[in-house]
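In what follows, a single structure is set out as structure tokens and then discussed.
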Amino acid sequence: MKTYLFKRLLSLIPILFVVSIVVYSIIYITPGDPAEVMLGDSATDEQVEALREELGLNQSFIERYFTWVGHAVTGDLGTSYFMNEGVTSAIISHLFPTLSLAVLAELFAIIIGIPIGIFAARRRGSYVDQSIMGLSYVGVAIPSFLLALFLVLIFSIKLQWLPVAGYKDLSEGLMVHLEYMILPAIALGLMHVALTARMTRSSMLDVLNANFIKTARAKGVKEAVVIYRHTFRNALLPIVTIVGQNFGILIAGAAVVETVFNIPGIGQLVVNSIERRDFPIIQGVILFVTFVYVLINLIVDLLYGVIDPRVKLNK
Amino acid sequence: MVSIVKTPDLDKKRNELKKEQRRLTIRKFLQNKLAVTGSVILVLLVLLAVVGPMLISADPYAINPEDRLQGPSADYILGTDNFGRDLLSRIIFGAQISLLIGLSVSFFAGVFGTIIGLYASYYRPLDNILMRICEGIMAIPAILLAIALMAALGPSTKNIILALSVVYTPYVARVVRSSALVVREETYIEAMKAIGAKSSRIIWGHMAPNVMSPLIIQITSVFANAILIEATLSFLGAGVPAPTPSWGNILYDGKLVIFNTPWMVVFPGICIVLAILALNMFGDGLRDILDPHSNKGKK
């Protein structure tokens with residue numbers, strides 16, 4: 001286990017190295033000078049030169065890259081061009097709404113997706129199964145921002161049950177927080193409900209065909225026990241994988257949904273920075289989200305051994 | 001070297017076999033509900049994009065302020081947008097843009113991904129470097145990388161194609177590489193090496209044709225994702241710049257007037273869902289047909 005963990009951590013180094021190079025290079029593919037872009041057309045040459053010096057644009061690519069990575073490793077992701085604030089503190093102050101949104105969407109996906117998948121697997125080939133699978137196709141094909149607009153149209157504008165947009169912090173009460181988060185979480189999570197349901201179904205079907213299930217049934221084990229104790233436990237591995245992968249995707253996907261609902265998360269931070277060309281923010285958020293994503297995948301891999309003792313991690 | 005005796009009889013037989021093979025493939029395709037449904041919807045969308053402009057006389061750029069935000073009527077079949085432009089013709093031109101971007105990204109990611117994947121599988125030292133680079137790019141969530149690239153390059157249709165090609169090339173390369181690694185160990189590749197065939201001949205003449213099925217399946221998924229991300233980028237204001245219509249930026253405008261004119265959101269929205277749905281179904285259907293060993297997406 002320890003050697004495996006060590007190997008896995010070691011294998012992250014080249015990946016994070018490439019990620020940092022890619023993220024860092026983004027500023028270099030920008031046409032025009034970042035300093036000129038920031039100051040606008042009215043700036044004098046001296047002002048541009050001073051800003052170039054301040055931003056470190058006069059140093060070579062490699063020098064600047066290593067300074068940047070050195071700072072990033074210690075948690076300093078630079079300073080925003082526009083907000084007069086450190087990127088790290090900006091990310092931290094915008095993190096909670098995004099995390100809350102991603103967790104709620106993930107919960108939605110698990111609570112709805114897994115039972116639907118089990119249900120469909122038990123009635124394999126029936127009309128119910130076929131309609132669930134058909135619906136899951138549609139679920140995967142609806143982009144989150146589009147679903148968000150449709151949900152607003154139905155629940156906020158037509159029925160007027162829920163607020164159109166906005167955000168209330170958890171400190172104002174859980175129910176108030178949820179009232180504002182429920183539509184965004186459904187919009188973000190529906191695709192993952194479909195993905196989780198499909199994965200649960202196919203994983204359950206694989207196990208249901210196994211001999212030990214036939215044996216269990218033959219000796220008269222109750223159907224509920226066969227499904228939940230014998231089958232589900234053995235089908236859990238691919239489900240955990242997809243749930244883990246989903247979480248990383250949900251954090252990235254939150255960017256788009258946050259814009260529709262005007263939620264002040266890290267996604268909105270990025271989207272607002274596009275037009276301002278606030279590259280330190282964009283770079284910082286991407287680096288942060290990618291790091292979280294890679295970390296979650298690592299944790300999921302390590303969980304395999306816990307969930308299924310047959311998986312040997314030392315290979 | 002090896003010489004093949006050609007007799008008219010053998011040639012005839014070979015042609016017959018080829019025809020038989022093709023008939024079987026077509027029959028398999030027609031029996032696959034997913035593939036057929038997907039391709040029917042796709043053909044309809046392509047017809048909308050190609051034939052649509054010939055049937056619709058309205059100019060997608062013509063601004064008529066007095067007609068703004070009108071509902072569907074005889075003059076404007078799907079109504080008008082917030083500038084009084086004809087929504088139907090904007091959706092039709094948007095279909096062209098979306099399909100153009102999807103096709104171009106599939107093409108570039110397909111070509112570069114195939115080259116990288118094949119050479120990585122053939123030259124082992126290259127493999128390590130190329131695959132680490134691919135893994136690094138794939139570790140960054142696609143939508144965020146696309147947003148960052150678009151922020152750097154500036155919004156334009158050309159830049160979306162460029163950015164999405166960069167994002168999706170590694171996904172194609174990974175798939176091509178992993179199938180090519182299997183092909184590489186086949187006896188016929190060993191035989192080619194034994195008779196002294198050049199590397200380029202082995203790679204392009206004998207390995208490339210054998211990785212086609214997974215490549216095509218992967219490309220349909222790239223196509224669907226390209227349409228999805230283009231719409232998302234345009235919706236965020238970082239994609240196709242106004243006034244060019246795209247499904248995404250019609251929705252961007254639609255979001256501002258969603259209280260009065262829900263159809264501006266509903267109609268382009270349906271198009272996006274249909275396009276992605278059709279491509280996903282088509283891809284899953286193809287997987288069932290071309291790759292019988294895979295269980296993914298199977299009923």
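Each chain in the structure tokens gets a letter, A, B, ..., in the order shown, and its residues are numbered from 1; ligands are numbered from 1 in order too.
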Show me, as a PyMOL selection string, every residue of chain A with an atom at most 7 Å from chain B, counting only C-alpha atoms.
chain A and resi 14-16+18-19+26-27+29-31+137-138+141-143+146+157+249+252+274+277+282+286+290+294
Helix (DSSP H, G or I) positions in stretch 51-213 of chain B, given as a ChimeraX atom specification:
/B:52-55,65-67,87-122,124-139,142-153,157-184,187-194,199-213
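Residues in contact range of A:Ile116, defined as at most 9 Å between only C-alpha atoms, with sequence neighbours fewer than 6 positions away removed, read Ile132, Val193, Thr196, Ala197, Arg198, Thr200 and Arg201 of chain A.
Of the residues listed (B:Ala173, B:Ser213, B:Glu185, B:Thr220), B:Ala173 shows the shortest atom-to-atom separation from B:Val111; distances use only C-alpha atoms.
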